[in-house]
$ cat upload.txt   # compact mmCIF, C-alpha atoms and all ligand atoms
# COMPACT_ATOMS: atom_id res chain seq x y z
CA ALA A 1 -0.93 164.69 121.61
CA GLU A 2 0.04 161.82 119.43
CA THR A 3 -0.78 158.36 120.87
CA TRP A 4 2.77 156.98 120.74
CA ASN A 5 4.68 160.10 121.84
CA ASN A 6 6.03 158.12 124.76
CA VAL A 7 7.69 155.44 122.59
CA PRO A 8 11.43 156.01 122.35
CA LEU A 9 13.26 154.85 119.21
CA ALA A 10 15.17 151.66 120.01
CA PRO A 11 18.52 150.89 118.40
CA PRO A 12 18.47 148.05 115.84
CA ASP A 13 19.66 144.61 116.99
CA SER A 14 23.43 144.71 116.57
CA ILE A 15 23.79 141.30 114.88
CA PHE A 16 21.01 141.90 112.39
CA LYS A 17 22.39 145.39 111.74
CA LEU A 18 25.79 143.86 111.00
CA THR A 19 24.24 141.44 108.48
CA ALA A 20 22.45 144.33 106.76
CA ALA A 21 25.71 146.29 106.47
CA TYR A 22 27.43 143.21 105.06
CA LYS A 23 24.70 142.70 102.47
CA ALA A 24 24.91 146.33 101.38
CA ASP A 25 28.70 146.18 100.88
CA PRO A 26 29.58 145.66 97.17
CA TYR A 27 33.20 144.63 97.89
CA PRO A 28 33.79 141.18 96.30
CA HIS A 29 36.03 139.77 99.09
CA LYS A 30 33.80 140.85 101.98
CA ILE A 31 33.36 138.29 104.78
CA ASN A 32 30.52 137.94 107.28
CA LEU A 33 31.75 136.56 110.61
CA GLY A 34 28.88 138.05 112.61
CA VAL A 35 25.88 135.79 112.56
CA GLY A 36 25.94 132.42 114.28
CA ALA A 37 24.67 130.34 111.40
CA TYR A 38 26.51 127.54 109.64
CA ARG A 39 27.81 128.15 106.13
CA ASP A 40 29.34 125.60 103.77
CA ASP A 41 32.69 125.99 102.02
CA ASP A 42 30.98 128.24 99.43
CA SER A 43 29.61 130.59 102.14
CA LYS A 44 26.10 129.23 101.52
CA PRO A 45 23.50 128.16 104.07
CA TRP A 46 23.39 124.35 104.21
CA VAL A 47 20.19 122.34 104.19
CA LEU A 48 21.23 119.10 105.89
CA PRO A 49 20.75 116.11 103.55
CA VAL A 50 18.92 114.28 106.35
CA VAL A 51 16.53 117.21 106.71
CA LYS A 52 15.81 117.13 102.97
CA LYS A 53 15.05 113.44 103.27
CA ALA A 54 12.77 113.90 106.28
CA SER A 55 10.93 116.79 104.57
CA GLN A 56 10.28 114.54 101.59
CA ILE A 57 8.81 111.87 103.84
CA ILE A 58 6.51 114.46 105.40
CA LEU A 59 5.49 115.81 102.00
CA ASN A 60 4.56 112.33 100.83
CA ASP A 61 2.67 111.40 103.98
CA ALA A 62 -1.02 111.59 103.08
CA THR A 63 -2.06 111.06 106.72
CA LEU A 64 -0.64 114.41 107.85
CA ASP A 65 -2.83 117.50 108.09
CA HIS A 66 -2.58 121.03 109.44
CA GLU A 67 -4.48 120.51 112.70
CA TYR A 68 -3.19 122.07 115.93
CA LEU A 69 -0.55 120.23 117.88
CA PRO A 70 -1.21 119.62 121.59
CA ILE A 71 -0.34 122.62 123.83
CA THR A 72 2.91 120.98 124.95
CA GLY A 73 3.83 120.02 121.39
CA LEU A 74 4.37 116.94 119.25
CA SER A 75 4.92 114.11 121.71
CA GLU A 76 7.30 112.06 119.48
CA PHE A 77 9.39 115.21 119.15
CA VAL A 78 9.58 116.15 122.83
CA THR A 79 10.25 112.63 124.06
CA GLY A 80 12.98 112.17 121.43
CA ALA A 81 14.43 115.57 122.29
CA ALA A 82 14.55 114.68 126.00
CA ARG A 83 16.38 111.42 125.22
CA LEU A 84 18.85 113.29 123.04
CA ILE A 85 19.99 115.64 125.78
CA LEU A 86 19.43 113.51 128.90
CA GLY A 87 20.53 110.18 127.44
CA GLU A 88 18.95 107.01 126.11
CA ASN A 89 19.05 105.37 129.56
CA SER A 90 18.31 108.43 131.67
CA PRO A 91 16.78 107.34 135.00
CA ALA A 92 15.06 110.73 135.24
CA ILE A 93 13.16 109.94 132.03
CA SER A 94 12.29 106.34 132.97
CA GLU A 95 11.11 107.51 136.40
CA GLY A 96 8.75 110.00 134.73
CA ARG A 97 10.43 113.00 136.41
CA VAL A 98 11.10 115.00 133.25
CA VAL A 99 8.64 117.57 131.92
CA SER A 100 9.22 118.37 128.25
CA VAL A 101 7.43 121.09 126.34
CA GLN A 102 7.95 122.07 122.69
CA THR A 103 8.95 125.73 122.33
CA ILE A 104 9.69 128.41 119.74
CA SER A 105 13.29 127.26 119.32
CA GLY A 106 15.88 127.99 122.00
CA THR A 107 14.74 131.57 122.51
CA GLY A 108 11.23 130.37 123.31
CA ALA A 109 12.61 127.71 125.66
CA ASN A 110 14.60 130.36 127.51
CA HIS A 111 11.53 132.55 127.71
CA LEU A 112 9.19 129.81 128.94
CA GLY A 113 11.77 128.62 131.45
CA ALA A 114 12.28 132.19 132.66
CA LEU A 115 8.54 132.80 132.89
CA PHE A 116 8.02 129.57 134.84
CA LEU A 117 10.80 130.48 137.30
CA SER A 118 9.46 134.00 137.73
CA ARG A 119 6.07 132.54 138.70
CA TYR A 120 7.03 129.51 140.74
CA TYR A 121 10.68 129.46 141.80
CA HIS A 122 11.18 130.05 145.50
CA PHE A 123 13.80 132.79 145.11
CA ASN A 124 16.07 133.46 148.05
CA GLY A 125 15.57 137.23 148.20
CA ASP A 126 15.42 139.17 144.92
CA LYS A 127 14.25 137.50 141.71
CA ALA A 128 17.62 137.23 140.01
CA ILE A 129 19.66 134.99 137.75
CA TYR A 130 23.43 134.80 137.40
CA LEU A 131 24.58 134.97 133.77
CA SER A 132 28.10 134.33 132.53
CA ASP A 133 30.14 137.45 131.78
CA PRO A 134 29.81 137.67 128.80
CA THR A 135 26.78 135.77 127.51
CA TRP A 136 24.36 135.66 124.58
CA ALA A 137 23.03 139.24 124.61
CA ASN A 138 19.41 138.13 124.37
CA HIS A 139 19.60 136.51 127.82
CA PHE A 140 19.45 139.97 129.44
CA ALA A 141 16.26 140.95 127.61
CA ILE A 142 14.61 137.56 128.14
CA PHE A 143 15.03 137.65 131.93
CA ASN A 144 14.28 141.37 132.26
CA ASN A 145 11.03 140.78 130.36
CA VAL A 146 9.73 138.48 133.10
CA GLY A 147 11.02 140.55 136.01
CA ILE A 148 14.10 138.45 136.78
CA LYS A 149 17.16 140.59 137.32
CA PRO A 150 20.27 139.53 135.40
CA LEU A 151 23.44 139.44 137.51
CA LEU A 152 26.86 138.41 136.24
CA TYR A 153 29.36 135.76 137.27
CA PRO A 154 32.99 135.95 136.07
CA TYR A 155 33.52 133.63 133.13
CA TYR A 156 35.90 134.92 130.48
CA ASP A 157 39.37 136.09 131.41
CA PRO A 158 40.79 138.47 128.80
CA LYS A 159 44.29 137.90 130.19
CA THR A 160 44.32 134.20 129.31
CA ILE A 161 41.59 134.36 126.60
CA GLY A 162 40.21 131.42 128.58
CA LEU A 163 37.99 130.58 131.55
CA ASP A 164 38.15 132.60 134.77
CA PHE A 165 37.55 129.42 136.74
CA THR A 166 38.58 130.91 140.09
CA GLY A 167 36.22 133.86 139.69
CA PHE A 168 33.37 131.60 138.56
CA ILE A 169 33.77 129.27 141.56
CA ALA A 170 34.09 132.21 143.97
CA THR A 171 30.76 133.63 142.80
CA LEU A 172 29.05 130.23 143.03
CA GLN A 173 30.31 130.11 146.61
CA SER A 174 29.45 133.66 147.62
CA ALA A 175 25.97 133.77 146.03
CA PRO A 176 23.05 133.20 148.42
CA GLU A 177 21.90 129.57 148.67
CA ARG A 178 19.39 128.46 146.04
CA SER A 179 20.53 131.09 143.54
CA VAL A 180 19.79 130.46 139.87
CA PHE A 181 22.80 130.11 137.54
CA LEU A 182 22.51 130.05 133.77
CA LEU A 183 25.05 127.60 132.33
CA HIS A 184 25.89 127.12 128.67
CA ALA A 185 25.90 123.33 128.25
CA CYS A 186 28.62 123.43 125.57
CA ALA A 187 30.15 125.70 122.92
CA HIS A 188 29.74 128.85 125.00
CA ASN A 189 28.38 131.84 123.08
CA PRO A 190 30.14 134.25 122.54
CA THR A 191 33.53 133.04 123.82
CA GLY A 192 33.91 129.43 122.60
CA VAL A 193 35.40 128.75 126.05
CA ASP A 194 33.97 125.73 127.91
CA PRO A 195 34.92 124.31 131.32
CA THR A 196 36.82 121.02 131.18
CA GLU A 197 35.14 117.85 132.47
CA GLU A 198 37.12 118.18 135.74
CA GLN A 199 36.04 121.81 136.09
CA TRP A 200 32.40 120.86 135.51
CA LYS A 201 32.72 118.41 138.42
CA THR A 202 34.00 121.13 140.72
CA ILE A 203 31.24 123.48 139.53
CA ALA A 204 28.66 120.77 140.29
CA ASP A 205 30.16 120.21 143.77
CA VAL A 206 29.60 123.86 144.66
CA VAL A 207 26.16 123.96 143.00
CA VAL A 208 25.13 120.93 145.08
CA ALA A 209 26.61 122.32 148.32
CA LYS A 210 24.85 125.66 147.85
CA GLN A 211 21.62 124.09 146.52
CA HIS A 212 21.73 126.35 143.47
CA TYR A 213 19.37 125.90 140.53
CA ALA A 214 20.97 125.21 137.13
CA PHE A 215 19.33 126.86 134.12
CA PHE A 216 21.06 125.08 131.22
CA ASP A 217 21.01 126.58 127.76
CA THR A 218 21.99 124.13 125.01
CA ALA A 219 21.89 125.64 121.55
CA TYR A 220 24.89 123.81 120.07
CA GLN A 221 24.69 120.11 120.97
CA GLY A 222 26.90 118.34 118.42
CA PHE A 223 28.52 121.55 117.25
CA ALA A 224 31.19 121.58 119.91
CA SER A 225 32.84 118.18 119.51
CA GLY A 226 30.92 116.82 116.52
CA ASP A 227 29.47 114.22 118.91
CA LEU A 228 25.94 114.65 120.30
CA GLU A 229 26.65 112.43 123.31
CA ARG A 230 29.85 114.15 124.30
CA ASP A 231 28.29 117.61 124.10
CA ALA A 232 25.57 116.48 126.53
CA THR A 233 28.09 115.43 129.20
CA ALA A 234 27.73 118.44 131.51
CA VAL A 235 23.91 118.34 131.56
CA ARG A 236 23.85 114.57 132.17
CA TYR A 237 26.44 114.88 134.91
CA PHE A 238 24.41 117.54 136.72
CA VAL A 239 21.28 115.37 136.45
CA SER A 240 23.22 112.42 137.89
CA ARG A 241 24.28 114.61 140.83
CA GLY A 242 20.65 115.42 141.56
CA VAL A 243 21.02 119.15 140.83
CA PRO A 244 17.59 120.75 140.35
CA LEU A 245 17.66 122.00 136.77
CA LEU A 246 16.02 122.79 133.49
CA VAL A 247 17.35 122.64 129.95
CA CYS A 248 16.56 124.99 127.06
CA GLN A 249 17.20 123.12 123.83
CA SER A 250 17.45 124.43 120.29
CA PHE A 251 17.59 122.53 116.98
CA ALA A 252 18.39 125.69 115.01
CA LYS A 253 22.10 124.98 114.60
CA ASN A 254 22.54 121.22 114.88
CA ALA A 255 19.69 120.51 112.46
CA GLY A 256 20.08 123.73 110.45
CA LEU A 257 16.41 124.53 111.13
CA TYR A 258 16.95 128.17 112.16
CA GLY A 259 13.77 129.65 110.71
CA GLU A 260 11.55 126.70 111.56
CA ARG A 261 11.85 127.47 115.29
CA VAL A 262 12.25 123.97 116.74
CA GLY A 263 13.11 123.71 120.41
CA ALA A 264 12.13 122.29 123.76
CA LEU A 265 12.16 123.09 127.45
CA HIS A 266 12.92 120.17 129.76
CA ILE A 267 12.45 120.51 133.51
CA VAL A 268 13.93 117.70 135.58
CA THR A 269 12.00 117.32 138.83
CA PRO A 270 12.48 115.06 141.88
CA THR A 271 9.32 112.95 141.44
CA LYS A 272 6.68 112.06 138.88
CA GLU A 273 4.08 113.73 141.06
CA THR A 274 6.04 117.02 140.93
CA ALA A 275 6.49 116.60 137.18
CA ASP A 276 2.73 116.34 136.71
CA ARG A 277 2.12 119.57 138.63
CA VAL A 278 4.90 121.41 136.79
CA ARG A 279 3.63 120.18 133.41
CA SER A 280 0.12 121.38 134.20
CA GLN A 281 1.32 124.92 134.92
CA LEU A 282 3.64 125.02 131.90
CA SER A 283 0.61 124.13 129.79
CA VAL A 284 -1.31 127.02 131.27
CA LEU A 285 1.54 129.44 130.53
CA GLN A 286 2.11 128.09 127.02
CA ARG A 287 -1.61 128.33 126.20
CA SER A 288 -1.70 132.06 126.91
CA GLU A 289 1.50 132.77 125.04
CA ILE A 290 1.43 130.75 121.81
CA SER A 291 -1.53 128.37 122.33
CA ASN A 292 0.45 125.56 120.70
CA PRO A 293 3.78 125.29 118.90
CA PRO A 294 4.35 124.99 115.13
CA SER A 295 4.36 121.51 113.62
CA TYR A 296 6.57 121.38 110.52
CA GLY A 297 10.06 121.56 112.03
CA ALA A 298 9.05 119.38 114.97
CA ARG A 299 7.86 116.67 112.56
CA ILE A 300 11.20 116.75 110.76
CA VAL A 301 13.19 116.43 113.98
CA ALA A 302 10.82 113.77 115.34
CA LEU A 303 11.43 111.63 112.25
CA ILE A 304 15.19 112.03 112.59
CA LEU A 305 15.22 111.28 116.32
CA ASN A 306 12.98 108.23 116.11
CA ASN A 307 14.26 106.55 112.96
CA PRO A 308 17.65 104.86 113.58
CA GLU A 309 18.70 105.18 109.95
CA LEU A 310 17.91 108.90 109.73
CA PHE A 311 19.50 109.42 113.13
CA GLU A 312 22.79 107.95 111.87
CA GLU A 313 22.63 110.20 108.81
CA TRP A 314 22.05 113.22 111.03
CA LYS A 315 25.12 112.36 113.09
CA ALA A 316 27.16 112.25 109.89
CA ASP A 317 25.78 115.67 108.83
CA ILE A 318 26.70 117.08 112.25
CA ARG A 319 30.21 115.69 111.90
CA THR A 320 30.42 117.43 108.52
CA MET A 321 29.55 120.80 110.07
CA ALA A 322 31.61 120.45 113.24
CA GLY A 323 34.49 118.96 111.27
CA ARG A 324 34.61 121.86 108.84
CA ILE A 325 34.62 124.34 111.72
CA ILE A 326 37.43 122.47 113.51
CA GLN A 327 39.34 122.40 110.22
CA MET A 328 38.98 126.19 109.90
CA ARG A 329 40.33 126.63 113.43
CA LYS A 330 43.42 124.58 112.58
CA GLU A 331 43.97 126.38 109.30
CA LEU A 332 43.58 129.85 110.82
CA TYR A 333 46.00 128.90 113.58
CA ARG A 334 48.48 127.57 111.01
CA LEU A 335 48.26 130.69 108.85
CA LEU A 336 48.73 133.07 111.78
CA THR A 337 51.51 131.23 113.57
CA GLU A 338 53.47 129.53 110.78
CA GLU A 339 52.98 131.58 107.64
CA LEU A 340 52.31 135.12 108.73
CA LYS A 341 54.11 134.93 112.09
CA THR A 342 51.45 137.21 113.51
CA PRO A 343 52.51 138.66 116.87
CA GLY A 344 50.81 137.18 119.95
CA ASN A 345 49.65 133.79 121.14
CA TRP A 346 46.87 132.21 119.04
CA GLU A 347 46.49 128.88 120.91
CA HIS A 348 42.95 129.86 121.88
CA ILE A 349 41.82 129.64 118.24
CA VAL A 350 42.29 125.86 118.40
CA ASN A 351 41.40 125.45 122.07
CA GLN A 352 38.04 127.21 121.85
CA ILE A 353 35.10 125.15 120.75
CA GLY A 354 31.92 125.41 118.70
CA MET A 355 30.64 128.02 116.32
CA PHE A 356 32.39 131.02 117.85
CA SER A 357 35.85 132.16 118.67
CA PHE A 358 36.81 135.09 120.84
CA THR A 359 39.91 136.32 119.02
CA GLY A 360 41.00 138.57 121.86
CA ILE A 361 41.31 141.58 119.53
CA SER A 362 40.13 144.95 120.80
CA GLU A 363 37.08 146.97 119.80
CA VAL A 364 39.33 149.33 117.80
CA GLN A 365 40.93 146.40 115.95
CA SER A 366 37.50 144.80 115.32
CA LYS A 367 36.23 148.05 113.81
CA ALA A 368 39.39 148.38 111.73
CA LEU A 369 38.75 144.90 110.27
CA THR A 370 35.25 145.93 109.23
CA GLU A 371 36.07 149.40 107.97
CA GLY A 372 39.43 148.62 106.41
CA ALA A 373 39.06 145.04 105.21
CA HIS A 374 35.27 144.51 104.81
CA VAL A 375 35.32 141.76 107.45
CA TYR A 376 32.11 141.99 109.46
CA LEU A 377 32.27 140.92 113.11
CA THR A 378 30.89 142.10 116.44
CA THR A 379 33.03 144.72 118.15
CA ASN A 380 33.84 142.35 121.04
CA GLY A 381 36.19 140.50 118.68
CA ARG A 382 33.96 137.44 118.34
CA ILE A 383 34.10 135.64 115.00
CA SER A 384 31.77 132.96 113.71
CA MET A 385 34.14 130.24 112.53
CA ALA A 386 31.43 129.03 110.12
CA GLY A 387 31.91 132.23 108.10
CA LEU A 388 35.44 131.10 107.16
CA ASN A 389 36.12 128.70 104.29
CA SER A 390 38.96 127.45 102.14
CA LYS A 391 38.54 130.43 99.78
CA ASN A 392 38.46 133.34 102.22
CA ILE A 393 40.53 132.17 105.18
CA ARG A 394 43.84 133.48 103.86
CA TYR A 395 42.30 136.90 103.14
CA PHE A 396 40.94 136.93 106.70
CA ALA A 397 44.22 135.81 108.29
CA GLU A 398 46.10 138.54 106.44
CA ALA A 399 43.54 141.17 107.43
CA LEU A 400 43.72 140.03 111.08
CA ASP A 401 47.51 140.10 110.91
CA GLY A 402 47.25 143.63 109.52
CA VAL A 403 45.19 144.98 112.44
CA VAL A 404 47.22 143.39 115.26
CA ARG A 405 50.66 144.18 113.86
N1 LIG B 1 21.01 130.36 123.47
C1 LIG B 1 22.18 130.66 122.95
C2 LIG B 1 23.37 130.69 123.84
C3 LIG B 1 22.31 130.95 121.58
O1 LIG B 1 23.50 131.24 121.09
C4 LIG B 1 21.15 130.91 120.77
C5 LIG B 1 21.24 131.19 119.31
N2 LIG B 1 21.94 132.33 118.95
C6 LIG B 1 19.93 130.57 121.38
C7 LIG B 1 19.91 130.30 122.72
C8 LIG B 1 18.62 130.46 120.69
O2 LIG B 1 18.51 130.50 119.35
P1 LIG B 1 17.19 130.01 118.63
O3 LIG B 1 16.04 130.73 119.26
O4 LIG B 1 17.40 130.39 117.21
O5 LIG B 1 17.11 128.54 118.84
$ encode --input "upload.txt" --output "structure tokens" --more "lines below"
Ligand code: PMP
Amino acid sequence: AETWNNVPLAPPDSIFKLTAAYKADPYPHKINLGVGAYRDDDSKPWVLPVVKKASQIILNDATLDHEYLPITGLSEFVTGAARLILGENSPAISEGRVVSVQTISGTGANHLGALFLSRYYHFNGDKAIYLSDPTWANHFAIFNNVGIKPLLYPYYDPKTIGLDFTGFIATLQSAPERSVFLLHACAHNPTGVDPTEEQWKTIADVVVAKQHYAFFDTAYQGFASGDLERDATAVRYFVSRGVPLLVCQSFAKNAGLYGERVGALHIVTPTKETADRVRSQLSVLQRSEISNPPSYGARIVALILNNPELFEEWKADIRTMAGRIIQMRKELYRLLTEELKTPGNWEHIVNQIGMFSFTGISEVQSKALTEGAHVYLTTNGRISMAGLNSKNIRYFAEALDGVVR
């Protein structure tokens, strides 16, 4: 018998498959709205000017070498990253209660956080985590991999193309005490639907009352509103309420460092003594998995986070990206409602936030867009707003109008 007879053929990752199909399509007006990566107005990847500047500084720095980083990562990077999400004046940071570890971007942070919970969280019954319905598809695999069962809480309501707040709250209330809930800090993927500040307060009230654990995933800080501080509001509020939590942080999107794999896991604990114990075990886990994280991207982000001038430039670059996306939302809304008079309500296009928009179109309509109009999108009707630009938005609006009419 052949050694690998027992290995079944797995289907290709749907997003990467979509990109491959797009690349293979010779049609000149094709549009890729699948992948969640920023594109400029010419459909090109964008190297942030501040990142170019920071790379140059690193290149010219004769003191740098290629030695290993510490197991928990570059300390200037992780401390800066913690301040970015938890706030300049975070009491949790000044009290030494935050454990921060550099990870392989947001995916690695989710994995390390999941692994740590699977080892050390005092689960009430089954090892399980509640994920929003829907969520980033990789969440299912990440938690399954470490033996934590993914469960769903209601999140998106197809009837309103908005938040199913009632269903969400009901599940928070009916779940056993000390359940773990994964929360998207801002710019929810795939729906673009976020709770309002008031709704976050109500969510926190129930989380506190039921002593749930909040597993925050923040892959889009700055991308939602264009403002890093504002997009950190939910996480900071939960910390201020004393909710036990961790944060998985990615710099892929907001610094455009996708392939450099820059991220961090932050665990907020009740005391410095707890933090020291947690840090020691995270180091043990990290050592066996990746030994130590990669240095290049972390050095770039560390420079940006710790140099006030570069930090201001980064904020301007983020406003450029978020601003262009918000502009595309307004323009798509205008084209559909004013020019084309497309049937249906399209308010959600401008109300949703961040990289993605759930258009509300069906699987059949999504497929028709791809097959008939060479517009590539996932079959759940999600579009990456960053794939739209001043040159292709009219073509897209007309194609969308064509499939819903
Ligand atoms: N979480 C969510 C919700 C995401 O959308 C993404 C990126 N698609 C990630 C985490 C992690 O991405 P990365 O590993 O590239 O930082």
$ residues_near_ligand --input "upload.txt" --ligand "ligand LIG 1 (chain B)" --cutoff "9 Å" --atoms "all atoms listed in the file" --output "PDB file with C-alpha atoms, in the coordinates of the input"
ATOM      1  CA  VAL A  35      25.880 135.790 112.560  1.00  0.00           C
ATOM      2  CA  GLY A  36      25.940 132.420 114.280  1.00  0.00           C
ATOM      3  CA  ALA A  37      24.670 130.340 111.400  1.00  0.00           C
ATOM      4  CA  ILE A 104       9.690 128.410 119.740  1.00  0.00           C
ATOM      5  CA  SER A 105      13.290 127.260 119.320  1.00  0.00           C
ATOM      6  CA  GLY A 106      15.880 127.990 122.000  1.00  0.00           C
ATOM      7  CA  THR A 107      14.740 131.570 122.510  1.00  0.00           C
ATOM      8  CA  GLY A 108      11.230 130.370 123.310  1.00  0.00           C
ATOM      9  CA  ALA A 109      12.610 127.710 125.660  1.00  0.00           C
ATOM     10  CA  ASN A 110      14.600 130.360 127.510  1.00  0.00           C
ATOM     11  CA  THR A 135      26.780 135.770 127.510  1.00  0.00           C
ATOM     12  CA  TRP A 136      24.360 135.660 124.580  1.00  0.00           C
ATOM     13  CA  ALA A 137      23.030 139.240 124.610  1.00  0.00           C
ATOM     14  CA  ASN A 138      19.410 138.130 124.370  1.00  0.00           C
ATOM     15  CA  HIS A 139      19.600 136.510 127.820  1.00  0.00           C
ATOM     16  CA  HIS A 184      25.890 127.120 128.670  1.00  0.00           C
ATOM     17  CA  ALA A 185      25.900 123.330 128.250  1.00  0.00           C
ATOM     18  CA  ALA A 187      30.150 125.700 122.920  1.00  0.00           C
ATOM     19  CA  HIS A 188      29.740 128.850 125.000  1.00  0.00           C
ATOM     20  CA  ASN A 189      28.380 131.840 123.080  1.00  0.00           C
ATOM     21  CA  PRO A 190      30.140 134.250 122.540  1.00  0.00           C
ATOM     22  CA  ASP A 217      21.010 126.580 127.760  1.00  0.00           C
ATOM     23  CA  THR A 218      21.990 124.130 125.010  1.00  0.00           C
ATOM     24  CA  ALA A 219      21.890 125.640 121.550  1.00  0.00           C
ATOM     25  CA  TYR A 220      24.890 123.810 120.070  1.00  0.00           C
ATOM     26  CA  CYS A 248      16.560 124.990 127.060  1.00  0.00           C
ATOM     27  CA  GLN A 249      17.200 123.120 123.830  1.00  0.00           C
ATOM     28  CA  SER A 250      17.450 124.430 120.290  1.00  0.00           C
ATOM     29  CA  PHE A 251      17.590 122.530 116.980  1.00  0.00           C
ATOM     30  CA  ALA A 252      18.390 125.690 115.010  1.00  0.00           C
ATOM     31  CA  LYS A 253      22.100 124.980 114.600  1.00  0.00           C
ATOM     32  CA  LEU A 257      16.410 124.530 111.130  1.00  0.00           C
ATOM     33  CA  TYR A 258      16.950 128.170 112.160  1.00  0.00           C
ATOM     34  CA  GLY A 259      13.770 129.650 110.710  1.00  0.00           C
ATOM     35  CA  GLU A 260      11.550 126.700 111.560  1.00  0.00           C
ATOM     36  CA  ARG A 261      11.850 127.470 115.290  1.00  0.00           C
ATOM     37  CA  VAL A 262      12.250 123.970 116.740  1.00  0.00           C
ATOM     38  CA  GLY A 263      13.110 123.710 120.410  1.00  0.00           C
TER      39      GLY A 263
END
$ residues_near_point --input "upload.txt" --point "(40.3, 136.0, 116.2)" --cutoff "8 Å" --atoms "all atoms listed in the file" --output "ChimeraX atom specification"
/A:349,357-361,381-383,400
$ closest_residue --input "upload.txt" --among "A:Ile85, A:Val404, A:Val284, A:Ala302" --to "Leu112 (chain A)" --atoms "all atoms listed in the file"
A:Val284
$ closest_atom_pairs --input "upload.txt" --of "region 164-233 of chain A" --to "region 115-122 of chain A" --cutoff "10 Å" --atoms "only C-alpha atoms" --output "Markdown table"
| residue | atom | partner | partner_atom | distance |
| --- | --- | --- | --- | --- |
| A:Arg178 | CA | A:His122 | CA | 8.4 |
| A:Ser179 | CA | A:His122 | CA | 9.6 |
| A:Val180 | CA | A:Leu117 | CA | 9.4 |
| A:Tyr213 | CA | A:Tyr121 | CA | 9.5 |
| A:Phe215 | CA | A:Leu117 | CA | 9.8 |
$ atom_distance --input "upload.txt" --atom1 "CA of Pro26 (chain A)" --atom2 "CA of Met355 (chain A)"
26.1 Å
$ atom_distance --input "upload.txt" --atom1 "CA of Glu198 (chain A)" --atom2 "CA of Ala170 (chain A)"
16.5 Å
$ residues_around --input "upload.txt" --residues "region 87-90 of chain A" --least-positions-apart "6" --cutoff "9 Å" --atoms "all atoms listed in the file" --output "VMD selection string"
chain A and resid 229 232 236 239 to 240
$ closest_residue --input "upload.txt" --among "A:Val7, A:Ala81, A:Ile267, A:Leu245" --to "Asn306 (chain A)" --atoms "all atoms listed in the file"
A:Ala81
$ atom_distance --input "upload.txt" --atom1 "CA of Ile58 (chain A)" --atom2 "CA of Phe311 (chain A)"
15.9 Å
$ residues_near_point --input "upload.txt" --point "(46.3, 139.1, 103.5)" --cutoff "12 Å" --atoms "all atoms listed in the file" --output "ChimeraX atom specification"
/A:29,335-336,339-340,342,369,373,375,392-403
$ decode --input "upload.txt" --residues "region 104-115 of chain A" --atoms "N, CA and C atoms" --output "PDB file, in the first residue's frame"
ATOM      1  N   ILE A 104       2.830  35.594  14.133  1.00  0.00           N
ATOM      2  CA  ILE A 104       2.819  35.552  12.666  1.00  0.00           C
ATOM      3  C   ILE A 104       1.513  36.203  12.203  1.00  0.00           C
ATOM      4  N   SER A 105       1.519  37.516  12.173  1.00  0.00           N
ATOM      5  CA  SER A 105       0.364  38.330  11.795  1.00  0.00           C
ATOM      6  C   SER A 105      -0.879  37.961  12.612  1.00  0.00           C
ATOM      7  N   GLY A 106      -2.045  38.356  12.125  1.00  0.00           N
ATOM      8  CA  GLY A 106      -3.268  38.116  12.884  1.00  0.00           C
ATOM      9  C   GLY A 106      -3.620  36.639  12.972  1.00  0.00           C
ATOM     10  N   THR A 107      -3.333  35.901  11.917  1.00  0.00           N
ATOM     11  CA  THR A 107      -3.619  34.462  11.928  1.00  0.00           C
ATOM     12  C   THR A 107      -2.836  33.787  13.044  1.00  0.00           C
ATOM     13  N   GLY A 108      -1.562  34.135  13.167  1.00  0.00           N
ATOM     14  CA  GLY A 108      -0.727  33.559  14.211  1.00  0.00           C
ATOM     15  C   GLY A 108      -1.190  33.966  15.600  1.00  0.00           C
ATOM     16  N   ALA A 109      -1.685  35.205  15.722  1.00  0.00           N
ATOM     17  CA  ALA A 109      -2.196  35.670  17.018  1.00  0.00           C
ATOM     18  C   ALA A 109      -3.441  34.874  17.400  1.00  0.00           C
ATOM     19  N   ASN A 110      -4.324  34.669  16.416  1.00  0.00           N
ATOM     20  CA  ASN A 110      -5.512  33.849  16.675  1.00  0.00           C
ATOM     21  C   ASN A 110      -5.108  32.437  17.088  1.00  0.00           C
ATOM     22  N   HIS A 111      -4.129  31.892  16.397  1.00  0.00           N
ATOM     23  CA  HIS A 111      -3.699  30.530  16.712  1.00  0.00           C
ATOM     24  C   HIS A 111      -3.100  30.445  18.117  1.00  0.00           C
ATOM     25  N   LEU A 112      -2.181  31.377  18.427  1.00  0.00           N
ATOM     26  CA  LEU A 112      -1.526  31.315  19.739  1.00  0.00           C
ATOM     27  C   LEU A 112      -2.540  31.557  20.860  1.00  0.00           C
ATOM     28  N   GLY A 113      -3.455  32.488  20.620  1.00  0.00           N
ATOM     29  CA  GLY A 113      -4.508  32.736  21.608  1.00  0.00           C
ATOM     30  C   GLY A 113      -5.378  31.498  21.794  1.00  0.00           C
ATOM     31  N   ALA A 114      -5.718  30.858  20.687  1.00  0.00           N
ATOM     32  CA  ALA A 114      -6.554  29.650  20.747  1.00  0.00           C
ATOM     33  C   ALA A 114      -5.820  28.523  21.466  1.00  0.00           C
ATOM     34  N   LEU A 115      -4.540  28.374  21.136  1.00  0.00           N
ATOM     35  CA  LEU A 115      -3.738  27.319  21.761  1.00  0.00           C
ATOM     36  C   LEU A 115      -3.628  27.548  23.272  1.00  0.00           C
TER      37      LEU A 115
END
